[in-house]
$ cat protein.cif   # mmCIF, C-alpha atoms
data_final
loop_
_atom_site.label_atom_id
_atom_site.label_comp_id
_atom_site.auth_asym_id
_atom_site.auth_seq_id
_atom_site.Cartn_x
_atom_site.Cartn_y
_atom_site.Cartn_z
CA MET A 1 35.95 -31.78 -48.81
CA SER A 2 33.57 -33.97 -50.81
CA ILE A 3 31.72 -32.60 -53.79
CA THR A 4 28.60 -34.09 -55.19
CA ILE A 5 27.72 -33.21 -58.73
CA TYR A 6 24.07 -33.03 -59.72
CA PRO A 7 22.64 -32.54 -63.21
CA SER A 8 21.88 -28.87 -63.61
CA GLN A 9 18.88 -27.20 -65.18
CA PHE A 10 21.13 -24.39 -66.41
CA ASN A 11 23.17 -24.48 -69.56
CA MET A 12 26.14 -22.51 -70.79
CA ARG A 13 26.15 -21.38 -74.37
CA GLU A 14 29.46 -22.04 -76.15
CA ASN A 15 30.03 -21.75 -79.90
CA GLY A 16 26.35 -21.85 -80.57
CA THR A 17 25.76 -24.98 -78.56
CA TYR A 18 24.57 -25.41 -75.00
CA THR A 19 26.53 -27.37 -72.50
CA GLN A 20 24.94 -28.61 -69.37
CA LEU A 21 26.71 -27.37 -66.24
CA PRO A 22 27.03 -29.40 -63.09
CA ALA A 23 25.64 -27.99 -59.83
CA ILE A 24 27.64 -28.20 -56.60
CA LYS A 25 26.10 -28.62 -53.14
CA GLY A 26 27.93 -26.58 -50.48
CA GLU A 27 28.77 -27.48 -46.90
CA THR A 28 26.28 -27.10 -44.04
CA GLY A 29 26.30 -23.55 -42.65
CA THR A 30 27.36 -22.59 -39.10
CA GLN A 31 24.90 -22.46 -36.19
CA GLY A 32 22.99 -19.17 -36.05
CA VAL A 33 22.72 -16.82 -33.06
CA PRO A 34 20.14 -18.04 -30.51
CA GLY A 35 16.78 -16.27 -30.75
CA VAL A 36 15.18 -14.10 -28.03
CA GLY A 37 13.78 -16.30 -25.28
CA ALA A 38 12.51 -15.74 -21.75
CA LEU A 39 14.01 -12.70 -20.03
CA PRO A 40 16.65 -13.56 -17.40
CA GLY A 41 16.29 -12.25 -13.85
CA GLY A 42 13.08 -11.56 -11.93
CA THR A 43 11.91 -13.11 -8.69
CA ALA A 44 9.29 -15.70 -7.76
CA GLY A 45 5.80 -14.55 -8.64
CA GLN A 46 6.86 -11.80 -11.04
CA VAL A 47 5.60 -11.67 -14.61
CA PRO A 48 7.08 -10.11 -17.77
CA VAL A 49 5.41 -6.82 -18.64
CA LYS A 50 5.90 -4.89 -21.88
CA GLN A 51 7.54 -1.52 -21.23
CA SER A 52 6.68 -0.11 -24.65
CA ALA A 53 5.17 -1.20 -27.94
CA ASN A 54 8.61 -2.30 -29.16
CA ASP A 55 9.38 -5.99 -29.56
CA TYR A 56 11.29 -7.60 -26.67
CA ASP A 57 11.01 -4.44 -24.49
CA VAL A 58 9.95 -6.46 -21.47
CA ALA A 59 10.77 -6.37 -17.74
CA TRP A 60 9.92 -8.58 -14.79
CA GLU A 61 7.42 -6.89 -12.51
CA ASP A 62 5.31 -7.66 -9.47
CA ILE A 63 1.60 -7.88 -10.08
CA GLY A 64 -1.29 -7.59 -7.67
CA TRP A 65 -1.22 -6.01 -4.23
CA GLN A 66 2.17 -5.70 -2.54
CA LEU A 67 2.42 -5.51 1.24
CA LEU A 68 4.32 -2.29 2.04
CA TRP A 69 3.65 -1.57 5.70
CA THR A 70 2.29 -3.16 8.84
CA ASN A 71 1.40 -1.34 12.02
CA ALA A 72 3.67 -2.75 14.73
CA ASP A 73 1.45 -1.41 17.52
CA PRO A 74 -2.22 -1.30 16.45
CA THR A 75 -3.40 -1.14 20.07
CA SER A 76 -2.05 2.43 20.34
CA ASN A 77 -3.94 5.53 19.29
CA PHE A 78 -3.17 6.49 15.70
CA VAL A 79 -2.68 10.22 15.28
CA GLU A 80 -2.75 12.15 12.03
CA GLN A 81 0.36 11.46 9.98
CA THR A 82 1.88 10.52 6.67
CA VAL A 83 3.13 6.95 6.68
CA ALA A 84 6.39 7.30 4.76
CA LEU A 85 6.50 4.89 1.81
CA ASP A 86 8.05 4.94 -1.65
CA LEU A 87 4.96 4.77 -3.85
CA THR A 88 6.53 6.03 -7.07
CA GLU A 89 6.00 2.67 -8.79
CA TYR A 90 2.40 2.23 -7.64
CA SER A 91 -0.96 3.65 -8.69
CA ASP A 92 -3.44 2.25 -6.17
CA ILE A 93 -3.47 2.00 -2.38
CA LYS A 94 -5.40 -0.28 -0.06
CA VAL A 95 -5.53 0.22 3.70
CA ILE A 96 -6.90 -2.33 6.16
CA PHE A 97 -8.20 -0.85 9.43
CA TYR A 98 -9.12 -2.25 12.77
CA ALA A 99 -12.45 -0.73 13.78
CA THR A 100 -10.94 0.39 17.08
CA LYS A 101 -7.73 -0.13 18.98
CA ALA A 102 -9.76 -2.24 21.41
CA SER A 103 -10.73 -4.39 18.45
CA ALA A 104 -7.04 -4.78 17.62
CA ALA A 105 -6.40 -6.00 21.15
CA SER A 106 -9.35 -8.38 21.20
CA SER A 107 -8.51 -12.02 21.62
CA THR A 108 -11.97 -13.13 20.54
CA GLY A 109 -12.03 -11.65 17.06
CA SER A 110 -11.43 -8.31 15.42
CA VAL A 111 -13.57 -6.15 13.18
CA LEU A 112 -11.69 -5.05 10.06
CA TYR A 113 -12.50 -2.54 7.38
CA SER A 114 -10.83 -2.26 3.98
CA PHE A 115 -10.53 0.89 1.90
CA GLU A 116 -9.05 1.11 -1.58
CA TYR A 117 -8.37 4.26 -3.58
CA PRO A 118 -6.15 5.65 -6.37
CA LYS A 119 -2.85 7.17 -5.32
CA THR A 120 -3.43 10.38 -7.23
CA GLY A 121 -7.04 11.42 -7.12
CA VAL A 122 -8.53 14.84 -7.56
CA SER A 123 -5.92 17.44 -6.64
CA SER A 124 -5.73 18.34 -2.93
CA GLN A 125 -8.87 16.39 -2.10
CA TYR A 126 -9.19 13.49 0.28
CA TYR A 127 -10.86 10.13 0.20
CA ARG A 128 -13.07 9.65 3.23
CA MET A 129 -13.26 6.27 4.86
CA ASN A 130 -16.60 6.12 6.67
CA ALA A 131 -17.85 3.11 8.51
CA LEU A 132 -20.97 2.49 10.54
CA HIS A 133 -19.67 0.67 13.56
CA ASN A 134 -21.67 -1.05 16.26
CA THR A 135 -19.57 -1.27 19.38
CA GLY A 136 -21.65 -4.04 20.86
CA SER A 137 -24.99 -5.22 22.06
CA GLY A 138 -26.98 -2.42 23.67
CA SER A 139 -24.79 0.31 22.18
CA ALA A 140 -25.90 2.69 19.49
CA ALA A 141 -24.04 2.44 16.23
CA ALA A 142 -21.69 5.30 15.47
CA TRP A 143 -20.04 6.71 12.40
CA ILE A 144 -16.28 6.36 12.46
CA SER A 145 -14.11 8.10 9.91
CA ARG A 146 -10.64 8.85 8.55
CA ASP A 147 -9.57 10.88 5.53
CA LEU A 148 -6.87 9.48 3.25
CA GLN A 149 -4.66 10.79 0.50
CA GLY A 150 -1.81 9.23 -1.43
CA SER A 151 1.39 10.59 -2.94
CA ASP A 152 4.73 9.26 -4.13
CA ALA A 153 6.06 9.86 -0.60
CA GLY A 154 3.48 7.88 1.35
CA VAL A 155 -0.04 7.62 2.67
CA PHE A 156 -1.60 10.50 4.57
CA ILE A 157 -4.09 9.38 7.22
CA SER A 158 -6.04 12.02 9.11
CA SER A 159 -7.15 11.98 12.73
CA GLY A 160 -10.00 9.64 13.49
CA GLY A 161 -13.53 10.94 13.90
CA VAL A 162 -16.61 9.65 15.70
CA LYS A 163 -20.21 10.73 15.91
CA ASN A 164 -23.40 9.03 16.94
CA THR A 165 -25.83 8.36 14.14
CA ASN A 166 -28.74 10.11 15.84
CA VAL A 167 -27.13 13.51 16.45
CA THR A 168 -26.35 16.31 14.03
CA THR A 169 -23.09 17.54 15.50
CA ALA A 170 -19.81 17.33 13.60
CA MET A 171 -17.43 14.45 14.03
CA SER A 172 -15.41 14.51 17.24
CA THR A 173 -11.70 13.76 17.02
CA ASN A 174 -10.99 10.29 18.28
CA ASN A 175 -7.73 8.55 17.45
CA GLU A 176 -8.87 5.26 18.96
CA VAL A 177 -10.97 4.37 15.94
CA LEU A 178 -10.07 3.07 12.48
CA ILE A 179 -6.52 2.07 13.33
CA PRO A 180 -4.62 1.36 10.10
CA PHE A 181 -3.15 -2.09 10.28
CA ILE A 182 -1.81 -2.99 6.83
CA ILE A 183 -1.06 -0.92 3.72
CA TYR A 184 -0.89 -2.53 0.29
CA ALA A 185 -0.16 -0.93 -3.08
CA ARG A 186 -0.17 -2.08 -6.68
CA MET B 1 13.45 -4.36 15.44
CA PHE B 2 10.96 -1.57 14.87
CA ALA B 3 11.09 1.58 12.75
CA LEU B 4 9.61 4.77 14.18
CA ASN B 5 7.67 7.33 12.17
CA LEU B 6 8.41 10.60 13.99
CA SER B 7 6.85 14.06 13.75
CA ALA B 8 8.93 17.22 13.39
CA ASP B 9 9.08 17.49 17.20
CA ASN B 10 10.17 13.84 17.52
CA ARG B 11 6.82 12.56 18.73
CA ILE B 12 6.23 8.94 17.81
CA LEU B 13 3.41 8.88 15.27
CA SER B 14 3.50 5.16 14.53
CA ALA B 15 5.79 2.17 14.36
CA THR B 16 6.33 -0.50 11.77
CA PHE B 17 8.68 -3.44 11.46
CA GLU B 18 12.25 -3.08 10.25
CA GLN B 19 11.59 -4.54 6.81
CA TYR B 20 9.06 -1.77 6.07
CA ALA B 21 11.23 1.09 7.37
CA ALA B 22 11.49 4.19 5.23
CA PRO B 23 14.96 5.69 4.71
CA GLY B 24 16.13 7.70 7.71
CA GLN B 25 13.66 6.28 10.22
CA PRO B 26 15.24 5.39 13.58
CA LEU B 27 15.34 1.68 14.42
CA VAL B 28 14.71 0.49 17.98
CA GLU B 29 14.71 -2.86 19.75
CA GLU B 30 11.55 -2.27 21.79
CA LEU B 31 8.54 0.00 21.78
CA PRO B 32 7.46 1.92 24.88
CA ASP B 33 4.58 0.60 26.96
CA GLY B 34 1.09 1.97 26.50
CA ASN B 35 0.20 4.45 23.77
CA ILE B 36 3.31 5.00 21.70
CA VAL B 37 1.97 8.40 20.61
CA ASP B 38 2.39 9.55 24.22
CA TYR B 39 6.16 9.45 23.80
CA ARG B 40 8.80 11.45 21.99
CA TYR B 41 12.04 9.81 20.87
CA GLU B 42 15.12 11.96 21.40
CA ASN B 43 18.79 11.05 21.78
CA ASN B 44 17.93 7.34 21.58
CA GLU B 45 15.57 7.63 24.56
CA TYR B 46 11.84 7.62 25.06
CA ILE B 47 10.42 10.69 26.78
CA TYR B 48 6.93 10.35 28.22
CA ASP B 49 5.01 13.41 27.06
CA PRO B 50 1.33 12.55 26.61
CA LEU B 51 -0.87 14.53 24.30
CA PRO B 52 -3.72 16.50 25.89
CA GLU B 53 -7.08 14.75 25.87
CA PRO B 54 -9.38 15.99 23.10
CA GLU B 55 -12.31 18.15 24.10
CA PRO B 56 -15.43 16.06 24.77
CA PRO B 57 -18.11 16.58 22.15
CA PRO B 58 -20.90 19.02 23.06
CA TYR B 59 -24.02 17.33 24.38
CA GLU B 60 -26.79 17.09 21.87
CA PRO B 61 -30.01 15.32 22.86
CA THR B 62 -30.99 12.40 20.72
CA ALA B 63 -34.50 11.78 19.43
CA ASP B 64 -35.07 9.40 22.36
CA ASP B 65 -33.85 12.04 24.80
CA LEU B 66 -36.25 14.64 23.35
CA ILE B 67 -39.19 12.28 23.56
CA GLY B 68 -38.27 11.52 27.15
CA ILE B 69 -38.06 15.24 27.95
CA LEU B 70 -41.43 15.91 26.31
CA LEU B 71 -43.07 13.06 28.19
CA GLY B 72 -41.36 13.94 31.43
CA VAL B 73 -39.68 10.58 31.56
CA SER B 74 -36.19 10.30 32.91
CA GLU B 75 -34.04 7.18 32.89
#
$ encode --input "protein.cif" --output "structure tokens"
Amino acid sequence: MSITIYPSQFNMRENGTYTQLPAIKGETGTQGVPGVGALPGGTAGQVPVKQSANDYDVAWEDIGWQLLWTNADPTSNFVEQTVALDLTEYSDIKVIFYATKASAASSTGSVLYSFEYPKTGVSSQYYRMNALHNTGSGSAAAWISRDLQGSDAGVFISSGGVKNTNVTTAMSTNNEVLIPFIIYAR
Amino acid sequence: MFALNLSADNRILSATFEQYAAPGQPLVEELPDGNIVDYRYENNEYIYDPLPEPEPPPYEPTADDLIGILLGVSE
């Protein structure tokens, strides 16, 4: 061990006189513990999100809309049902519909509608997806409709409804319209 | 592979792909032809059991129909 002696600014009093004391420089200390850096884990596209106001309480999470379900047979009628999904980690739902099952089967282009709503809305009430759909040249436009509701267990989608715009009757059940095609959540 | 969403009486309500299957949903290699909601799935078999057709909506004349009736014009 080498010791370097420097002149000190401190003195020791001895027998009424002051004696200058030497100062000694110590050895270099050991390496400290590494600081908190980027959180390990996560997958491509995820971002760190604070889980509380506490420092370093961060977790990797998906952001934006996540694809949770795709209709494997959109050319079939779609009857009233709850599409079973685990939505406990999500707060918003987006459903993409084909206008009709014929539209889903079209090879020349499909008409799509998008509907976005909060998972938990007003208790026991539904969100109504209404669209004014023109089935083609020479045909009167018609209202087409589905009611939707979200929960932790999935997405409820009612029977489809149709009515012409120039009549006052109620919607008629028609499960050939507004065929859900994709469900996203975030 | 497809995952079936079944009703309480085993009617096929809809189908999705295997990667989107909910726990407990039956997985199948192929879907039945035609409207899948016309089938039930029991004992690993499809049973053709179509739903009854919905009642047609009651006829209600449109504004054009009423004008035609008033003018005695028929198409």
$ resolve_selection --input "protein.cif" --expression "the PyMOL selection byres ((chain B and resi 47-53) around 10)" --output "ChimeraX atom specification"
/A:174 /B:10-11,32,35-46,54-56
$ interface_residues --input "protein.cif" --of "chain B" --to "chain A" --cutoff "12 Å" --atoms "only C-alpha atoms" --output "tab-separated table (two decimals) with C-alpha atoms, in the frame of the given file"
chain	number	residue	atom	x	y	z
B	1	MET	CA	13.45	-4.36	15.44
B	2	PHE	CA	10.96	-1.57	14.87
B	3	ALA	CA	11.09	1.58	12.75
B	4	LEU	CA	9.61	4.77	14.18
B	5	ASN	CA	7.67	7.33	12.17
B	6	LEU	CA	8.41	10.60	13.99
B	7	SER	CA	6.85	14.06	13.75
B	8	ALA	CA	8.93	17.22	13.39
B	11	ARG	CA	6.82	12.56	18.73
B	12	ILE	CA	6.23	8.94	17.81
B	13	LEU	CA	3.41	8.88	15.27
B	14	SER	CA	3.50	5.16	14.53
B	15	ALA	CA	5.79	2.17	14.36
B	16	THR	CA	6.33	-0.50	11.77
B	17	PHE	CA	8.68	-3.44	11.46
B	18	GLU	CA	12.25	-3.08	10.25
B	19	GLN	CA	11.59	-4.54	6.81
B	20	TYR	CA	9.06	-1.77	6.07
B	21	ALA	CA	11.23	1.09	7.37
B	22	ALA	CA	11.49	4.19	5.23
B	23	PRO	CA	14.96	5.69	4.71
B	24	GLY	CA	16.13	7.70	7.71
B	25	GLN	CA	13.66	6.28	10.22
B	28	VAL	CA	14.71	0.49	17.98
B	30	GLU	CA	11.55	-2.27	21.79
B	31	LEU	CA	8.54	0.00	21.78
B	32	PRO	CA	7.46	1.92	24.88
B	33	ASP	CA	4.58	0.60	26.96
B	34	GLY	CA	1.09	1.97	26.50
B	35	ASN	CA	0.20	4.45	23.77
B	36	ILE	CA	3.31	5.00	21.70
B	37	VAL	CA	1.97	8.40	20.61
B	38	ASP	CA	2.39	9.55	24.22
B	39	TYR	CA	6.16	9.45	23.80
B	50	PRO	CA	1.33	12.55	26.61
B	51	LEU	CA	-0.87	14.53	24.30
B	53	GLU	CA	-7.08	14.75	25.87
B	54	PRO	CA	-9.38	15.99	23.10
B	55	GLU	CA	-12.31	18.15	24.10
B	56	PRO	CA	-15.43	16.06	24.77
B	57	PRO	CA	-18.11	16.58	22.15
B	58	PRO	CA	-20.90	19.02	23.06
B	59	TYR	CA	-24.02	17.33	24.38
B	60	GLU	CA	-26.79	17.09	21.87
B	61	PRO	CA	-30.01	15.32	22.86
B	62	THR	CA	-30.99	12.40	20.72
B	63	ALA	CA	-34.50	11.78	19.43
B	64	ASP	CA	-35.07	9.40	22.36
B	65	ASP	CA	-33.85	12.04	24.80
B	66	LEU	CA	-36.25	14.64	23.35
$ atom_distance --input "protein.cif" --atom1 "atom CA of Gln149 of chain A" --atom2 "atom CA of Leu132 of chain A"
20.9 Å
$ atom_distance --input "protein.cif" --atom1 "atom CA of Asp147 of chain A" --atom2 "atom CA of Leu87 of chain A"
18.3 Å
$ atom_distance --input "protein.cif" --atom1 "atom CA of Arg128 of chain A" --atom2 "atom CA of Asp92 of chain A"
15.4 Å
$ resolve_selection --input "protein.cif" --expression "the PyMOL selection byres ((chain A and resi 64) around 12)" --output "NGL selection string"
:A and (45-47 or 61-63 or 65-67 or 90-94 or 184-186)
$ resolve_selection --input "protein.cif" --expression "the PyMOL selection byres ((chain A and resi 103) around 12)" --output "list of chain:residue names"
A:Pro74, A:Thr75, A:Ser76, A:Phe97, A:Tyr98, A:Ala99, A:Thr100, A:Lys101, A:Ala102, A:Ala104, A:Ala105, A:Ser106, A:Ser107, A:Thr108, A:Gly109, A:Ser110, A:Val111, A:Leu112, A:Tyr113, A:His133, A:Asn134, A:Thr135, A:Gly136, A:Glu176, A:Val177, A:Leu178, A:Ile179, A:Pro180, A:Phe181
$ decode --input "protein.cif" --residues "segment 154-185 of chain A" --atoms "N, CA and C atoms" --output "PDB file, in the first residue's frame"
ATOM      1  N   GLY A 154     -66.589 -10.800 -22.565  1.00  0.00           N
ATOM      2  CA  GLY A 154     -66.704 -10.797 -24.017  1.00  0.00           C
ATOM      3  C   GLY A 154     -67.557  -9.669 -24.548  1.00  0.00           C
ATOM      4  N   VAL A 155     -67.923  -9.813 -25.812  1.00  0.00           N
ATOM      5  CA  VAL A 155     -68.678  -8.787 -26.521  1.00  0.00           C
ATOM      6  C   VAL A 155     -70.046  -9.354 -26.895  1.00  0.00           C
ATOM      7  N   PHE A 156     -71.098  -8.748 -26.351  1.00  0.00           N
ATOM      8  CA  PHE A 156     -72.450  -9.150 -26.736  1.00  0.00           C
ATOM      9  C   PHE A 156     -72.826  -8.414 -28.015  1.00  0.00           C
ATOM     10  N   ILE A 157     -73.344  -9.189 -28.983  1.00  0.00           N
ATOM     11  CA  ILE A 157     -73.804  -8.607 -30.244  1.00  0.00           C
ATOM     12  C   ILE A 157     -75.210  -9.130 -30.495  1.00  0.00           C
ATOM     13  N   SER A 158     -76.159  -8.219 -30.606  1.00  0.00           N
ATOM     14  CA  SER A 158     -77.560  -8.618 -30.761  1.00  0.00           C
ATOM     15  C   SER A 158     -77.833  -9.140 -32.170  1.00  0.00           C
ATOM     16  N   SER A 159     -79.067  -9.593 -32.378  1.00  0.00           N
ATOM     17  CA  SER A 159     -79.517  -9.915 -33.729  1.00  0.00           C
ATOM     18  C   SER A 159     -79.430  -8.668 -34.597  1.00  0.00           C
ATOM     19  N   GLY A 160     -79.320  -8.886 -35.900  1.00  0.00           N
ATOM     20  CA  GLY A 160     -79.325  -7.765 -36.817  1.00  0.00           C
ATOM     21  C   GLY A 160     -80.736  -7.272 -37.059  1.00  0.00           C
ATOM     22  N   GLY A 161     -80.855  -6.015 -37.450  1.00  0.00           N
ATOM     23  CA  GLY A 161     -82.160  -5.445 -37.760  1.00  0.00           C
ATOM     24  C   GLY A 161     -82.104  -4.654 -39.050  1.00  0.00           C
ATOM     25  N   VAL A 162     -83.227  -4.629 -39.752  1.00  0.00           N
ATOM     26  CA  VAL A 162     -83.313  -3.902 -41.020  1.00  0.00           C
ATOM     27  C   VAL A 162     -84.658  -3.196 -41.092  1.00  0.00           C
ATOM     28  N   LYS A 163     -84.675  -2.013 -41.617  1.00  0.00           N
ATOM     29  CA  LYS A 163     -85.935  -1.368 -41.981  1.00  0.00           C
ATOM     30  C   LYS A 163     -85.667  -0.357 -43.087  1.00  0.00           C
ATOM     31  N   ASN A 164     -86.649  -0.221 -43.959  1.00  0.00           N
ATOM     32  CA  ASN A 164     -86.515   0.782 -45.006  1.00  0.00           C
ATOM     33  C   ASN A 164     -86.628   2.173 -44.388  1.00  0.00           C
ATOM     34  N   THR A 165     -86.015   3.129 -45.033  1.00  0.00           N
ATOM     35  CA  THR A 165     -85.983   4.471 -44.464  1.00  0.00           C
ATOM     36  C   THR A 165     -87.322   5.191 -44.601  1.00  0.00           C
ATOM     37  N   ASN A 166     -88.176   4.723 -45.518  1.00  0.00           N
ATOM     38  CA  ASN A 166     -89.413   5.468 -45.773  1.00  0.00           C
ATOM     39  C   ASN A 166     -90.631   4.769 -45.183  1.00  0.00           C
ATOM     40  N   VAL A 167     -90.445   3.920 -44.196  1.00  0.00           N
ATOM     41  CA  VAL A 167     -91.571   3.307 -43.497  1.00  0.00           C
ATOM     42  C   VAL A 167     -91.386   3.541 -42.007  1.00  0.00           C
ATOM     43  N   THR A 168     -92.467   3.384 -41.263  1.00  0.00           N
ATOM     44  CA  THR A 168     -92.423   3.697 -39.836  1.00  0.00           C
ATOM     45  C   THR A 168     -92.461   2.448 -38.963  1.00  0.00           C
ATOM     46  N   THR A 169     -92.423   1.292 -39.570  1.00  0.00           N
ATOM     47  CA  THR A 169     -92.458   0.067 -38.784  1.00  0.00           C
ATOM     48  C   THR A 169     -91.150  -0.118 -38.024  1.00  0.00           C
ATOM     49  N   ALA A 170     -91.192  -1.042 -37.044  1.00  0.00           N
ATOM     50  CA  ALA A 170     -89.991  -1.333 -36.273  1.00  0.00           C
ATOM     51  C   ALA A 170     -89.007  -2.122 -37.132  1.00  0.00           C
ATOM     52  N   MET A 171     -87.806  -2.215 -36.637  1.00  0.00           N
ATOM     53  CA  MET A 171     -86.791  -3.011 -37.321  1.00  0.00           C
ATOM     54  C   MET A 171     -87.244  -4.473 -37.428  1.00  0.00           C
ATOM     55  N   SER A 172     -86.963  -5.101 -38.541  1.00  0.00           N
ATOM     56  CA  SER A 172     -87.196  -6.532 -38.688  1.00  0.00           C
ATOM     57  C   SER A 172     -85.890  -7.276 -38.421  1.00  0.00           C
ATOM     58  N   THR A 173     -85.996  -8.402 -37.733  1.00  0.00           N
ATOM     59  CA  THR A 173     -84.793  -9.191 -37.474  1.00  0.00           C
ATOM     60  C   THR A 173     -84.212  -9.701 -38.786  1.00  0.00           C
ATOM     61  N   ASN A 174     -82.928  -9.487 -38.939  1.00  0.00           N
ATOM     62  CA  ASN A 174     -82.243  -9.957 -40.141  1.00  0.00           C
ATOM     63  C   ASN A 174     -80.768 -10.170 -39.785  1.00  0.00           C
ATOM     64  N   ASN A 175     -80.385 -11.429 -39.704  1.00  0.00           N
ATOM     65  CA  ASN A 175     -79.016 -11.745 -39.286  1.00  0.00           C
ATOM     66  C   ASN A 175     -78.035 -11.812 -40.446  1.00  0.00           C
ATOM     67  N   GLU A 176     -78.474 -11.294 -41.600  1.00  0.00           N
ATOM     68  CA  GLU A 176     -77.576 -11.239 -42.755  1.00  0.00           C
ATOM     69  C   GLU A 176     -76.869  -9.893 -42.855  1.00  0.00           C
ATOM     70  N   VAL A 177     -77.226  -8.973 -41.977  1.00  0.00           N
ATOM     71  CA  VAL A 177     -76.634  -7.634 -42.060  1.00  0.00           C
ATOM     72  C   VAL A 177     -75.694  -7.389 -40.890  1.00  0.00           C
ATOM     73  N   LEU A 178     -74.777  -6.447 -41.089  1.00  0.00           N
ATOM     74  CA  LEU A 178     -73.792  -6.068 -40.083  1.00  0.00           C
ATOM     75  C   LEU A 178     -73.149  -7.316 -39.463  1.00  0.00           C
ATOM     76  N   ILE A 179     -72.384  -7.997 -40.283  1.00  0.00           N
ATOM     77  CA  ILE A 179     -71.688  -9.206 -39.834  1.00  0.00           C
ATOM     78  C   ILE A 179     -70.371  -8.792 -39.190  1.00  0.00           C
ATOM     79  N   PRO A 180     -70.211  -9.015 -37.880  1.00  0.00           N
ATOM     80  CA  PRO A 180     -68.934  -8.652 -37.253  1.00  0.00           C
ATOM     81  C   PRO A 180     -67.791  -9.462 -37.854  1.00  0.00           C
ATOM     82  N   PHE A 181     -66.720  -8.769 -38.126  1.00  0.00           N
ATOM     83  CA  PHE A 181     -65.612  -9.371 -38.851  1.00  0.00           C
ATOM     84  C   PHE A 181     -64.355  -9.416 -37.973  1.00  0.00           C
ATOM     85  N   ILE A 182     -64.068  -8.296 -37.303  1.00  0.00           N
ATOM     86  CA  ILE A 182     -62.873  -8.219 -36.458  1.00  0.00           C
ATOM     87  C   ILE A 182     -63.254  -7.503 -35.166  1.00  0.00           C
ATOM     88  N   ILE A 183     -62.704  -7.955 -34.053  1.00  0.00           N
ATOM     89  CA  ILE A 183     -62.880  -7.264 -32.776  1.00  0.00           C
ATOM     90  C   ILE A 183     -61.496  -6.889 -32.234  1.00  0.00           C
ATOM     91  N   TYR A 184     -61.360  -5.601 -31.938  1.00  0.00           N
ATOM     92  CA  TYR A 184     -60.149  -5.091 -31.305  1.00  0.00           C
ATOM     93  C   TYR A 184     -60.505  -4.615 -29.889  1.00  0.00           C
ATOM     94  N   ALA A 185     -59.499  -4.525 -29.041  1.00  0.00           N
ATOM     95  CA  ALA A 185     -59.690  -3.900 -27.726  1.00  0.00           C
ATOM     96  C   ALA A 185     -58.398  -3.192 -27.342  1.00  0.00           C
TER      97      ALA A 185
END
